[in-house]
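Structure data follow from coords20.cif (mmCIF, C-alpha atoms):
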data_query
loop_
_atom_site.label_atom_id
_atom_site.label_comp_id
_atom_site.auth_asym_id
_atom_site.auth_seq_id
_atom_site.Cartn_x
_atom_site.Cartn_y
_atom_site.Cartn_z
CA MET H 1 51.30 -30.98 -63.37
CA ALA H 2 49.50 -28.02 -61.81
CA ASN H 3 47.40 -28.46 -58.71
CA ILE H 4 43.90 -29.26 -59.96
CA LYS H 5 41.05 -28.40 -57.63
CA LYS H 6 38.35 -30.97 -57.14
CA MET H 7 35.05 -30.75 -55.30
CA GLU H 8 35.11 -28.33 -52.39
CA LEU H 9 33.00 -27.38 -49.38
CA LYS H 10 30.96 -24.88 -51.39
CA ASP H 11 29.70 -27.79 -53.52
CA LEU H 12 27.99 -29.17 -50.43
CA PHE H 13 26.20 -25.91 -49.60
CA LEU H 14 25.31 -24.57 -53.06
CA THR H 15 24.27 -27.79 -54.81
CA PRO H 16 20.95 -28.30 -52.91
CA LEU H 17 19.99 -24.68 -53.63
CA TYR H 18 20.66 -25.05 -57.35
CA LEU H 19 18.95 -28.43 -57.47
CA GLY H 20 15.81 -26.75 -56.17
CA ILE H 21 16.04 -24.18 -58.97
CA PHE H 22 16.64 -26.84 -61.62
CA TYR H 23 13.68 -28.91 -60.49
CA ALA H 24 11.44 -25.83 -60.43
CA ILE H 25 12.42 -25.18 -64.06
CA ALA H 26 11.87 -28.85 -64.93
CA TYR H 27 8.35 -28.93 -63.45
CA THR H 28 7.53 -25.73 -65.34
CA VAL H 29 8.78 -27.11 -68.66
CA ARG H 30 7.36 -30.63 -68.29
CA PRO H 31 3.75 -29.90 -69.39
CA LYS H 32 5.05 -28.36 -72.64
CA VAL H 33 7.18 -31.34 -73.70
CA THR H 34 5.27 -34.37 -72.38
CA ASN H 35 1.94 -36.12 -72.83
CA PRO H 36 -0.03 -38.33 -70.40
CA PHE H 37 2.09 -41.35 -71.38
CA THR H 38 5.54 -39.75 -71.19
CA LYS H 39 4.98 -37.35 -68.30
CA LYS H 40 5.92 -39.96 -65.69
CA TYR H 41 9.39 -40.45 -67.19
CA PHE H 42 10.48 -36.81 -67.33
CA ILE H 43 11.49 -36.15 -63.71
CA PRO H 44 12.89 -39.66 -62.99
CA ALA H 45 15.01 -39.50 -66.15
CA LEU H 46 16.30 -36.03 -65.26
CA THR H 47 17.01 -37.19 -61.70
CA LEU H 48 19.10 -40.08 -63.00
CA LYS H 49 21.11 -37.63 -65.09
CA PHE H 50 21.75 -35.52 -61.99
CA ILE H 51 22.73 -38.61 -59.99
CA GLY H 52 25.05 -39.69 -62.80
CA ALA H 53 26.70 -36.26 -62.91
CA ILE H 54 27.45 -36.19 -59.18
CA ALA H 55 28.41 -39.88 -59.06
CA LEU H 56 30.91 -39.45 -61.89
CA GLY H 57 32.62 -36.62 -60.00
CA LEU H 58 32.77 -38.69 -56.82
CA ILE H 59 34.15 -41.73 -58.65
CA TYR H 60 36.86 -39.66 -60.32
CA GLN H 61 37.78 -37.93 -57.05
CA PHE H 62 37.76 -40.85 -54.63
CA TYR H 63 38.27 -43.93 -56.86
CA TYR H 64 40.48 -42.73 -59.74
CA GLY H 65 42.06 -39.84 -57.82
CA GLY H 66 41.51 -37.39 -60.67
CA GLY H 67 40.87 -37.39 -64.39
CA ASP H 68 39.57 -35.42 -67.35
CA THR H 69 36.49 -34.11 -65.57
CA PHE H 70 38.74 -32.18 -63.14
CA ASN H 71 41.06 -31.15 -65.97
CA TYR H 72 38.08 -29.36 -67.54
CA MET H 73 37.40 -27.78 -64.16
CA TYR H 74 41.04 -26.70 -63.91
CA HIS H 75 40.81 -24.81 -67.22
CA ALA H 76 37.45 -23.33 -66.23
CA ASN H 77 39.08 -22.05 -63.02
CA ILE H 78 41.75 -20.23 -65.02
CA ILE H 79 39.12 -18.63 -67.25
CA HIS H 80 37.20 -17.66 -64.12
CA ASP H 81 40.37 -16.00 -62.75
CA ALA H 82 40.71 -14.07 -66.01
CA PHE H 83 37.14 -12.78 -65.70
CA SER H 84 37.89 -11.71 -62.14
CA ASP H 85 40.88 -9.70 -63.38
CA SER H 86 39.39 -8.35 -66.60
CA PHE H 87 36.11 -9.11 -68.31
CA SER H 88 37.69 -8.63 -71.74
CA ASN H 89 40.45 -11.16 -71.00
CA GLY H 90 37.94 -13.71 -69.79
CA LEU H 91 35.86 -13.15 -72.91
CA LYS H 92 38.92 -13.65 -75.12
CA LEU H 93 39.64 -17.00 -73.48
CA ILE H 94 36.08 -18.15 -74.19
CA THR H 95 35.77 -16.82 -77.74
CA SER H 96 39.28 -17.29 -79.14
CA THR H 97 41.92 -20.00 -79.39
CA SER H 98 44.61 -17.80 -80.95
CA PRO H 99 47.73 -16.68 -79.02
CA ASP H 100 47.37 -13.20 -77.54
CA PRO H 101 49.90 -11.37 -75.33
CA ASN H 102 47.06 -10.01 -73.19
CA ILE H 103 46.00 -13.50 -72.09
CA SER H 104 49.38 -15.27 -72.18
CA LYS H 105 49.66 -15.32 -68.39
CA TYR H 106 46.51 -17.47 -68.34
CA THR H 107 47.17 -19.64 -71.39
CA SER H 108 50.69 -20.45 -70.14
CA ARG H 109 49.03 -22.31 -67.24
CA MET H 110 46.83 -24.36 -69.59
CA PHE H 111 47.85 -27.66 -71.18
CA TRP H 112 44.76 -27.78 -73.45
CA PHE H 113 44.61 -24.23 -74.79
CA GLY H 114 44.03 -24.21 -78.55
CA ASP H 115 41.63 -25.33 -81.22
CA ASN H 116 40.85 -28.79 -79.87
CA PRO H 117 37.85 -30.66 -78.42
CA GLU H 118 39.18 -30.56 -74.87
CA TYR H 119 39.52 -26.80 -74.73
CA PHE H 120 36.11 -26.35 -76.42
CA THR H 121 34.58 -28.41 -73.60
CA ALA H 122 36.51 -26.40 -71.00
CA ARG H 123 35.09 -23.19 -72.48
CA ILE H 124 31.54 -24.56 -72.12
CA ALA H 125 32.39 -25.47 -68.53
CA ALA H 126 33.66 -21.93 -67.93
CA ILE H 127 30.41 -20.44 -69.25
CA PHE H 128 28.47 -22.67 -66.86
CA GLY H 129 30.92 -21.64 -64.14
CA LEU H 130 29.84 -18.02 -64.54
CA LEU H 131 26.30 -19.15 -63.69
CA SER H 132 27.27 -21.23 -60.67
CA PHE H 133 30.03 -19.43 -58.73
CA ASN H 134 32.48 -21.74 -60.50
CA THR H 135 31.26 -24.70 -58.44
CA TYR H 136 32.14 -28.14 -59.83
CA SER H 137 29.00 -30.04 -58.84
CA ILE H 138 26.68 -27.33 -60.19
CA MET H 139 28.62 -27.16 -63.44
CA ALA H 140 28.26 -30.96 -63.68
CA LEU H 141 24.50 -30.64 -63.12
CA LEU H 142 24.32 -28.06 -65.92
CA PHE H 143 26.15 -30.49 -68.22
CA ALA H 144 23.62 -33.15 -67.20
CA GLY H 145 20.68 -30.82 -67.86
CA THR H 146 22.04 -29.84 -71.26
CA SER H 147 22.53 -33.49 -72.15
CA PHE H 148 19.04 -34.34 -70.91
CA ALA H 149 17.46 -31.74 -73.20
CA GLY H 150 19.03 -33.48 -76.18
CA ILE H 151 18.14 -37.02 -75.20
CA TRP H 152 14.55 -35.98 -74.39
CA ALA H 153 14.42 -34.72 -78.00
CA MET H 154 15.80 -38.14 -79.04
CA TYR H 155 13.05 -39.89 -77.06
CA GLN H 156 10.33 -37.67 -78.54
CA THR H 157 11.61 -38.44 -82.02
CA PHE H 158 11.50 -42.18 -81.42
CA LEU H 159 7.94 -41.80 -80.13
CA ARG H 160 6.86 -39.92 -83.26
CA ILE H 161 8.10 -42.90 -85.26
CA TYR H 162 6.92 -45.75 -83.03
CA PRO H 163 4.60 -44.62 -80.18
CA LEU H 164 3.62 -48.20 -79.25
CA ALA H 165 6.99 -48.73 -77.55
CA TYR H 166 6.98 -45.67 -75.29
CA LYS H 167 7.85 -47.73 -72.19
CA GLN H 168 10.64 -49.71 -73.80
CA LEU H 169 12.05 -46.65 -75.57
CA ALA H 170 12.24 -44.84 -72.24
CA ILE H 171 14.42 -47.67 -70.92
CA ALA H 172 16.64 -47.53 -74.01
CA VAL H 173 17.14 -43.77 -73.96
CA PHE H 174 17.14 -42.88 -70.25
CA PHE H 175 17.69 -45.86 -67.99
CA LEU H 176 20.81 -47.67 -69.22
CA PRO H 177 23.28 -47.30 -66.32
CA SER H 178 26.37 -46.70 -68.47
CA VAL H 179 24.57 -44.06 -70.51
CA PHE H 180 23.27 -41.98 -67.60
CA PHE H 181 26.56 -42.39 -65.69
CA TRP H 182 29.12 -41.66 -68.42
CA GLY H 183 26.79 -39.38 -70.35
CA SER H 184 25.87 -36.96 -67.57
CA GLY H 185 28.95 -35.48 -65.91
CA LEU H 186 31.35 -32.68 -66.71
CA MET H 187 32.76 -34.45 -69.77
CA LYS H 188 32.65 -34.26 -73.58
CA ASP H 189 30.50 -37.40 -73.61
CA SER H 190 27.55 -35.65 -71.94
CA LEU H 191 27.43 -32.80 -74.42
CA CYS H 192 27.95 -35.16 -77.38
CA LEU H 193 25.10 -37.42 -76.31
CA GLY H 194 22.75 -34.46 -76.06
CA ALA H 195 24.00 -33.04 -79.38
CA LEU H 196 23.35 -36.39 -81.08
CA GLY H 197 19.77 -36.22 -79.79
CA TRP H 198 19.29 -32.80 -81.42
CA VAL H 199 20.80 -33.99 -84.73
CA PHE H 200 18.46 -37.02 -84.69
CA TYR H 201 15.51 -34.71 -83.94
CA GLY H 202 16.50 -32.29 -86.70
CA PHE H 203 16.97 -34.99 -89.32
CA TYR H 204 13.62 -36.64 -88.67
CA HIS H 205 11.44 -33.56 -88.26
CA GLY H 206 13.16 -31.51 -90.95
CA LEU H 207 13.96 -34.03 -93.69
CA ILE H 208 11.42 -36.81 -93.15
CA GLU H 209 8.33 -35.29 -91.52
CA LYS H 210 9.10 -31.87 -93.04
CA ARG H 211 7.49 -29.98 -90.16
CA ASN H 212 8.78 -27.17 -87.94
CA LEU H 213 11.50 -26.71 -90.54
CA LEU H 214 13.15 -23.66 -88.98
CA LEU H 215 13.29 -25.14 -85.47
CA SER H 216 14.45 -28.51 -86.84
CA ALA H 217 17.22 -26.83 -88.84
CA ILE H 218 18.41 -24.73 -85.91
CA LEU H 219 18.50 -27.65 -83.47
CA GLY H 220 20.00 -30.04 -86.02
CA PHE H 221 22.77 -27.65 -87.04
CA LEU H 222 23.47 -26.71 -83.40
CA GLY H 223 23.84 -30.38 -82.49
CA ALA H 224 26.05 -30.97 -85.54
CA TYR H 225 28.24 -28.01 -84.60
CA PHE H 226 28.83 -29.39 -81.11
CA LEU H 227 29.69 -32.82 -82.52
CA ILE H 228 32.10 -31.31 -85.06
CA MET H 229 33.83 -29.36 -82.30
CA MET H 230 34.11 -32.27 -79.87
CA LYS H 231 33.70 -35.71 -81.49
CA VAL H 232 33.26 -35.38 -85.22
CA TYR H 233 33.43 -39.16 -85.69
CA ILE H 234 29.98 -39.44 -84.09
CA LEU H 235 28.56 -37.21 -86.82
CA MET H 236 30.55 -39.11 -89.46
CA SER H 237 29.02 -42.39 -88.28
CA PHE H 238 25.53 -40.87 -88.16
CA LEU H 239 25.54 -39.11 -91.52
CA ALA H 240 25.49 -41.98 -94.03
CA PRO H 241 22.82 -44.06 -92.21
CA ALA H 242 20.72 -40.92 -91.66
CA LEU H 243 20.80 -39.92 -95.32
CA PHE H 244 20.00 -43.51 -96.30
CA TRP H 245 17.11 -43.32 -93.80
CA VAL H 246 15.77 -40.14 -95.44
CA PHE H 247 15.87 -41.67 -98.93
CA ASN H 248 14.38 -44.92 -97.61
CA GLU H 249 11.45 -43.11 -95.98
CA ASN H 250 10.74 -41.13 -99.14
CA ASN H 251 10.91 -44.32 -101.19
CA LYS H 252 8.45 -46.00 -98.82
CA ARG H 253 5.89 -43.23 -99.44
CA ILE H 254 5.70 -43.99 -103.17
CA LYS H 255 2.29 -45.61 -103.63
CA SER H 256 3.14 -47.76 -106.63
CA ALA H 257 4.84 -50.97 -105.45
CA LEU H 258 6.47 -51.44 -108.87
CA LEU H 259 7.88 -47.92 -108.96
CA ARG H 260 8.99 -48.22 -105.34
CA ASN H 261 10.96 -51.41 -106.06
CA VAL H 262 12.49 -49.92 -109.20
CA LEU H 263 13.61 -46.75 -107.43
CA LYS H 264 14.80 -48.35 -104.18
CA PRO H 265 18.29 -49.31 -105.48
CA PHE H 266 18.76 -45.74 -106.71
CA PHE H 267 17.79 -44.36 -103.31
CA ILE H 268 20.27 -46.72 -101.66
CA VAL H 269 23.11 -45.67 -103.97
CA ILE H 270 22.29 -41.95 -103.64
CA GLY H 271 22.03 -42.18 -99.84
CA ALA H 272 25.32 -44.07 -99.54
CA ALA H 273 27.09 -41.67 -101.91
CA ALA H 274 25.74 -38.58 -100.14
CA GLY H 275 26.79 -39.98 -96.77
CA TYR H 276 30.29 -40.81 -98.04
CA PHE H 277 30.90 -37.41 -99.62
CA GLY H 278 29.42 -35.65 -96.59
CA ALA H 279 31.69 -37.54 -94.21
CA THR H 280 34.83 -37.07 -96.31
CA ASN H 281 34.22 -33.33 -96.80
CA LEU H 282 33.40 -32.95 -93.12
CA THR H 283 36.80 -34.30 -92.10
CA GLU H 284 38.97 -33.18 -94.99
CA GLY H 285 42.26 -31.85 -93.65
CA ASP H 286 41.65 -33.19 -90.13
CA GLU H 287 44.77 -35.14 -89.17
CA ARG H 288 42.75 -37.41 -86.87
CA PHE H 289 39.69 -38.27 -88.97
CA ASP H 290 40.50 -37.50 -92.61
CA VAL H 291 39.61 -40.66 -94.56
CA ASP H 292 43.14 -40.78 -95.97
CA ASN H 293 44.60 -40.86 -92.44
CA ILE H 294 41.95 -42.75 -90.50
CA GLY H 295 43.49 -46.21 -90.93
CA GLU H 296 46.87 -45.16 -89.57
CA ARG H 297 45.34 -43.13 -86.75
CA THR H 298 43.21 -46.14 -85.78
CA ARG H 299 46.31 -48.36 -85.67
CA ILE H 300 48.23 -45.89 -83.49
CA THR H 301 45.35 -45.24 -81.07
CA GLN H 302 44.33 -48.88 -80.70
CA THR H 303 47.92 -50.05 -80.13
CA ALA H 304 48.67 -47.32 -77.59
CA LEU H 305 45.53 -47.91 -75.52
CA TYR H 306 45.93 -51.69 -75.61
CA ASN H 307 49.57 -51.62 -74.54
CA ARG H 308 48.81 -49.17 -71.74
CA THR H 309 46.19 -51.42 -70.13
CA LYS H 310 46.89 -55.02 -71.18
CA GLU H 311 48.68 -55.83 -67.91
CA ASP H 312 45.66 -55.03 -65.72
CA GLY H 313 43.35 -57.18 -67.87
CA SER H 314 41.24 -54.36 -69.28
CA GLY H 315 42.94 -54.37 -72.69
CA TYR H 316 41.52 -56.35 -75.60
CA SER H 317 42.70 -57.30 -79.07
CA ILE H 318 40.45 -57.90 -82.07
CA GLY H 319 43.21 -58.64 -84.57
CA GLU H 320 46.04 -56.82 -86.29
CA ILE H 321 45.42 -53.39 -87.79
CA ASP H 322 48.21 -52.32 -90.14
CA GLY H 323 46.93 -48.83 -90.90
CA SER H 324 45.00 -49.72 -94.05
CA ILE H 325 41.24 -49.46 -94.51
CA GLY H 326 41.29 -53.10 -95.59
CA SER H 327 42.66 -54.23 -92.23
CA ILE H 328 39.92 -52.28 -90.43
CA LEU H 329 37.27 -53.98 -92.58
CA ALA H 330 38.86 -57.36 -91.84
CA VAL H 331 38.38 -56.90 -88.08
CA ALA H 332 35.03 -55.11 -88.42
CA PRO H 333 32.90 -58.09 -87.23
CA GLN H 334 35.05 -58.47 -84.10
CA ALA H 335 34.84 -54.70 -83.51
CA VAL H 336 31.04 -54.78 -83.61
CA VAL H 337 30.95 -57.77 -81.24
CA VAL H 338 33.30 -56.10 -78.74
CA SER H 339 31.30 -52.86 -78.87
CA LEU H 340 27.93 -54.50 -78.27
CA TYR H 341 28.54 -57.70 -76.32
CA ARG H 342 31.81 -57.29 -74.41
CA PRO H 343 33.30 -57.20 -71.86
CA PHE H 344 32.02 -60.65 -70.98
CA LEU H 345 31.16 -61.18 -67.33
CA TRP H 346 34.42 -63.05 -66.69
CA GLU H 347 36.43 -60.18 -68.21
CA ALA H 348 35.28 -57.65 -65.61
CA ARG H 349 38.19 -56.50 -63.44
CA ASN H 350 36.55 -53.70 -61.43
CA PRO H 351 33.06 -52.38 -60.55
CA VAL H 352 32.93 -50.07 -63.59
CA MET H 353 33.79 -52.92 -65.96
CA LEU H 354 31.24 -55.16 -64.21
CA LEU H 355 28.51 -52.61 -64.88
CA SER H 356 29.44 -52.59 -68.56
CA ALA H 357 29.66 -56.39 -68.64
CA LEU H 358 26.15 -56.75 -67.20
CA GLU H 359 24.76 -54.42 -69.86
CA ALA H 360 26.61 -56.29 -72.60
CA PHE H 361 25.24 -59.57 -71.24
CA TRP H 362 21.71 -58.12 -71.33
CA PHE H 363 22.23 -56.98 -74.94
CA THR H 364 23.41 -60.49 -75.83
CA LEU H 365 20.42 -62.21 -74.20
CA LEU H 366 17.88 -59.84 -75.75
CA THR H 367 19.44 -60.15 -79.21
CA LEU H 368 19.51 -63.95 -79.08
CA ARG H 369 15.97 -64.08 -77.71
CA ILE H 370 14.62 -62.02 -80.59
CA LEU H 371 16.57 -64.04 -83.18
CA PHE H 372 15.39 -67.39 -81.82
CA ARG H 373 11.76 -66.36 -81.38
CA THR H 374 11.42 -64.47 -84.64
CA GLY H 375 13.91 -66.18 -86.92
CA LEU H 376 16.80 -64.63 -88.79
CA MET H 377 14.99 -64.26 -92.12
CA ARG H 378 11.91 -62.69 -90.53
CA CYS H 379 14.14 -60.26 -88.61
CA LEU H 380 15.87 -59.25 -91.83
CA GLN H 381 12.49 -58.76 -93.54
CA LEU H 382 11.30 -56.49 -90.73
CA ILE H 383 14.55 -54.51 -90.73
CA SER H 384 14.39 -53.96 -94.49
CA SER H 385 10.71 -52.95 -94.32
CA MET H 386 11.11 -50.44 -91.46
CA PRO H 387 13.47 -47.54 -92.26
CA ILE H 388 13.95 -46.66 -88.58
CA LEU H 389 15.29 -50.15 -87.89
CA SER H 390 17.63 -49.98 -90.89
CA PHE H 391 18.92 -46.61 -89.71
CA CYS H 392 19.47 -47.63 -86.07
CA LEU H 393 21.28 -50.84 -86.96
CA LEU H 394 23.43 -49.26 -89.67
CA PHE H 395 24.45 -46.50 -87.27
CA THR H 396 25.18 -49.11 -84.59
CA ILE H 397 27.36 -51.17 -86.93
CA ILE H 398 29.32 -48.21 -88.34
CA PHE H 399 29.81 -46.61 -84.94
CA GLY H 400 30.60 -49.98 -83.36
CA ILE H 401 33.37 -50.58 -85.91
CA GLY H 402 34.79 -47.14 -85.19
CA VAL H 403 34.93 -47.38 -81.41
CA GLY H 404 35.72 -51.11 -81.35
CA THR H 405 38.84 -50.62 -83.47
CA ASN H 406 39.97 -47.42 -81.73
CA SER H 407 39.48 -48.24 -78.05
CA GLY H 408 41.86 -51.07 -77.25
CA ASN H 409 40.64 -51.35 -73.66
CA PHE H 410 37.28 -51.78 -71.99
CA GLY H 411 37.65 -48.74 -69.74
CA THR H 412 37.78 -46.44 -72.75
CA LEU H 413 35.24 -48.47 -74.73
CA VAL H 414 32.51 -48.12 -72.11
CA ARG H 415 32.61 -44.33 -72.56
CA TYR H 416 33.11 -44.26 -76.29
CA LYS H 417 30.20 -46.56 -77.11
CA ILE H 418 27.38 -44.82 -75.20
CA PRO H 419 26.04 -42.94 -78.28
CA LEU H 420 25.16 -46.23 -80.02
CA MET H 421 23.51 -47.89 -77.01
CA PRO H 422 20.12 -46.07 -77.06
CA PHE H 423 19.82 -46.64 -80.81
CA TYR H 424 20.69 -50.33 -80.69
CA LEU H 425 18.41 -51.09 -77.74
CA SER H 426 15.58 -49.04 -79.29
CA ALA H 427 15.95 -51.08 -82.49
CA LEU H 428 15.79 -54.32 -80.52
CA TYR H 429 12.63 -53.27 -78.69
CA ILE H 430 10.90 -52.03 -81.87
CA LEU H 431 11.88 -55.24 -83.66
CA GLN H 432 10.57 -57.34 -80.77
CA ILE H 433 7.19 -55.56 -80.67
CA GLN H 434 6.82 -55.55 -84.45
CA ALA H 435 7.61 -59.26 -84.65
CA LEU H 436 5.02 -60.01 -81.97
CA LYS H 437 2.42 -57.92 -83.81
CA SER H 438 3.03 -59.73 -87.09
CA LYS H 439 2.72 -63.11 -85.35
CA ASN H 440 -0.58 -62.16 -83.74
CA LYS H 441 -2.18 -60.82 -86.92
CA PRO H 442 -2.94 -64.25 -88.47
CA VAL H 443 -4.39 -65.42 -85.14
CA LEU H 444 -6.67 -62.38 -84.95
CA ARG H 445 -7.69 -62.85 -88.59
CA ARG H 446 -8.62 -66.52 -88.00
CA LYS H 447 -10.67 -65.57 -84.93
CA SER H 448 -12.46 -62.89 -86.93
CA LEU H 449 -13.32 -65.40 -89.69
CA ALA H 450 -14.52 -67.96 -87.14
CA THR H 451 -17.02 -65.51 -85.63
CA HIS H 452 -18.56 -64.96 -89.06
#
Let me see whether you can do it: turn the structure in this file into structure tokens.
Amino acid sequence: MANIKKMELKDLFLTPLYLGIFYAIAYTVRPKVTNPFTKKYFIPALTLKFIGAIALGLIYQFYYGGGDTFNYMYHANIIHDAFSDSFSNGLKLITSTSPDPNISKYTSRMFWFGDNPEYFTARIAAIFGLLSFNTYSIMALLFAGTSFAGIWAMYQTFLRIYPLAYKQLAIAVFFLPSVFFWGSGLMKDSLCLGALGWVFYGFYHGLIEKRNLLLSAILGFLGAYFLIMMKVYILMSFLAPALFWVFNENNKRIKSALLRNVLKPFFIVIGAAAGYFGATNLTEGDERFDVDNIGERTRITQTALYNRTKEDGSGYSIGEIDGSIGSILAVAPQAVVVSLYRPFLWEARNPVMLLSALEAFWFTLLTLRILFRTGLMRCLQLISSMPILSFCLLFTIIFGIGVGTNSGNFGTLVRYKIPLMPFYLSALYILQIQALKSKNKPVLRRKSLATH
């Protein structure tokens, strides 16, 4: 393989200068996108993204000895060389994935050139490279900043829905270690996490609140475009729960309880059908994610990743997948469990796995605590009565099945599952607060009656 450059001396000198510029921009923007309650989270959350971006590069350079983050940098370097030789050639490499004799001397050095998610990410990295003297650490910071813009939109959307939990929601969206580490560096995961935030923002503000329609549409479609280009399965997992959420919210606004109950099954069916047809049309013809191929692709991917890592203890098995949709559904419960609550602490084999295991242990404790204190039936009642909870948990389950069946090892799983983590933890916190409120209401009512 070609010699892939990693972080260099210029990273050390230029990064502090650019950090100063980025923070100046952040402090300028902060008053426009925060309120007195959220202002205190803006800079710390952005700082964690920056730390995650640099830390990921250091881990890949000094612990793993290389990896995809430097492969993106390698392709960005080639595009940068093309710009140095000819602006038109550099522009062709960024805007086109078709073979061209004029750029063949550059594309012949690339192993990702073409219409694929990896090269799309490399092109984004190359654009950022033009703004940063093609410096790895600064490009990573730009990925982190782009991701942060999307997850701040995600946080703002959650606050519009449930402002009481602004502290807990900040933890869920910004302060989960795996999320700000794996979702901040020069990787697809960073851009996808931010894009998911914009799609979430667009869906809620455009289709539920029906405000700022033009801005919501632009941001929502931009986020969807990035997900389609890089990880379309995230959008596939999001689409059906989101459409169900839209119909559920509109059903909830019907004043007549009788009419609401009569129409609710129709809203459920319409939302599920719209989500299914949207997902199937979105991936039609895609050899990786077409519904007709997804069972077989899942079997191949899961088997390959498991066999590659089972000897070092990071592989896991949730049951046999024979390539059929039925076999995926059969292991679906195990897939959700492995996505949310594993690796267990005793399954951790290295510091990265230990970090994931601690988070999974925290998810387990918080889930059990809420179930025991609130009761299963009361939890189900709250989930069915609050569309945001139904959406978050449906998305978590669908996405958890997808990544749990496709990963095959915990090292891959910890990266794949980060889009579901803010939604699942947000749902837990909202459920916890709502359950506490409903328990306190009868007490407050009795006190009020006693005073009279």
Do you have, as CSV, the list of residues of stretch 336-452 of chain H lying at most 7 Å from stretch 164-180 of chain H, each with its nearest atom pair and that distance in Å to one decimal, counting only C-alpha atoms and ordered by chain then number?
residue,atom,partner,partner_atom,distance
H:Ser356,CA,H:Ser178,CA,6.6
H:Ile418,CA,H:Val179,CA,5.5
H:Pro422,CA,H:Ala172,CA,4.9
H:Leu425,CA,H:Ala172,CA,5.5
H:Ser426,CA,H:Ala172,CA,5.6
H:Tyr429,CA,H:Gln168,CA,6.4
H:Ile430,CA,H:Ala165,CA,6.7
Option closest in space to H:Ala240, from H:Leu366, H:Ile79, H:Leu394, H:Leu9 [counting all atoms listed in the file]: H:Leu394
Would you write out, as a PDB file with C-alpha atoms, keeping the file's coordinate frame, every residue that the PyMOL selection byres ((chain H and resi 56) around 10) captures in this file?
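The file below, selection-v9.pdb, is the result:
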ATOM      1  CA  PHE H  50      21.750 -35.520 -61.990  1.00  0.00           C
ATOM      2  CA  ILE H  51      22.730 -38.610 -59.990  1.00  0.00           C
ATOM      3  CA  GLY H  52      25.050 -39.690 -62.800  1.00  0.00           C
ATOM      4  CA  ALA H  53      26.700 -36.260 -62.910  1.00  0.00           C
ATOM      5  CA  ILE H  54      27.450 -36.190 -59.180  1.00  0.00           C
ATOM      6  CA  ALA H  55      28.410 -39.880 -59.060  1.00  0.00           C
ATOM      7  CA  GLY H  57      32.620 -36.620 -60.000  1.00  0.00           C
ATOM      8  CA  LEU H  58      32.770 -38.690 -56.820  1.00  0.00           C
ATOM      9  CA  ILE H  59      34.150 -41.730 -58.650  1.00  0.00           C
ATOM     10  CA  TYR H  60      36.860 -39.660 -60.320  1.00  0.00           C
ATOM     11  CA  GLN H  61      37.780 -37.930 -57.050  1.00  0.00           C
ATOM     12  CA  TYR H  63      38.270 -43.930 -56.860  1.00  0.00           C
ATOM     13  CA  THR H  69      36.490 -34.110 -65.570  1.00  0.00           C
ATOM     14  CA  ALA H 140      28.260 -30.960 -63.680  1.00  0.00           C
ATOM     15  CA  PHE H 180      23.270 -41.980 -67.600  1.00  0.00           C
ATOM     16  CA  PHE H 181      26.560 -42.390 -65.690  1.00  0.00           C
ATOM     17  CA  TRP H 182      29.120 -41.660 -68.420  1.00  0.00           C
ATOM     18  CA  GLY H 183      26.790 -39.380 -70.350  1.00  0.00           C
ATOM     19  CA  SER H 184      25.870 -36.960 -67.570  1.00  0.00           C
ATOM     20  CA  GLY H 185      28.950 -35.480 -65.910  1.00  0.00           C
ATOM     21  CA  LEU H 186      31.350 -32.680 -66.710  1.00  0.00           C
ATOM     22  CA  MET H 187      32.760 -34.450 -69.770  1.00  0.00           C
TER      23      MET H 187
END
Residues within 8 Å of H:Ser237, only C-alpha atoms, excluding chain neighbours under 4 positions, as a count of residues only: 5
Two-atom distance - atom CA of H:Leu141, atom CA of H:Tyr74 (Å):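 So the answer is 17.0 Å.
Considering all atoms listed in the file, the residue among H:Phe120, H:Tyr64, H:Ile78, H:Leu91 positioned nearest to H:Tyr106 is H:Ile78.
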Picked residues, the PyMOL selection byres ((chain H and resi 370-377) around 12), expected as a list in words: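 Expected selection for the PyMOL selection byres ((chain H and resi 370-377) around 12) here is Phe363, Thr364, Leu365, Leu366, Thr367, Leu368, Arg369, Arg378, Cys379, Leu380, Gln381, Leu382, Ile383, Ser384, Leu425, Ala427, Leu428, Tyr429, Ile430, Leu431, Gln432, Ile433, Gln434, Ala435, Leu436, Lys437, Ser438 and Lys439 of chain H.
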Box dimensions and centre (Å, one decimal) enclosing stretch 386-392 of chain H, axis-aligned, 6 Å extra per side, as AutoDock Vina command-line options:
--center_x 15.3 --center_y -48.5 --center_z -89.2 --size_x 20.4 --size_y 15.8 --size_z 18.2
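Distances to H:Ser216 were evaluated for H:Asn250, H:Thr157, H:Ala26, H:Met73 using only C-alpha atoms, and the minimum falls at H:Thr157.
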Distance query 12 Å from (29.4, -43.6, -88.4) using all atoms listed in the file, result as a VMD selection string: chain H and resid 196 231 to 243 272 275 to 276 278 to 280 289 391 to 403 417 419 to 420
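One distance worth recording is that between atom CA of H:Thr135 and atom CA of H:Asp11, which is 6.0 Å.
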Given the PyMOL selection byres ((chain H and resi 209) around 12), the residues it picks as a ChimeraX atom specification: /H:157,160-161,201-208,210-213,216,246,249-250,253
Residue with smallest distance to H:Ala357 - pool H:Phe410, H:Phe143, H:Phe158, H:Tyr119, counting all atoms listed in the file: H:Phe410
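Of the listed residues H:Ile388, H:Ala330, H:Ala126, H:Leu345, the one whose atoms come nearest to H:Trp245 is H:Ile388, with distances taken using all atoms listed in the file.
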Selection near H:Met110, 12 Å with only C-alpha atoms, sequence-local residues under 3 positions removed, as a ChimeraX atom specification: /H:1-4,71-79,93,97,103-107,113-114,118-119,122
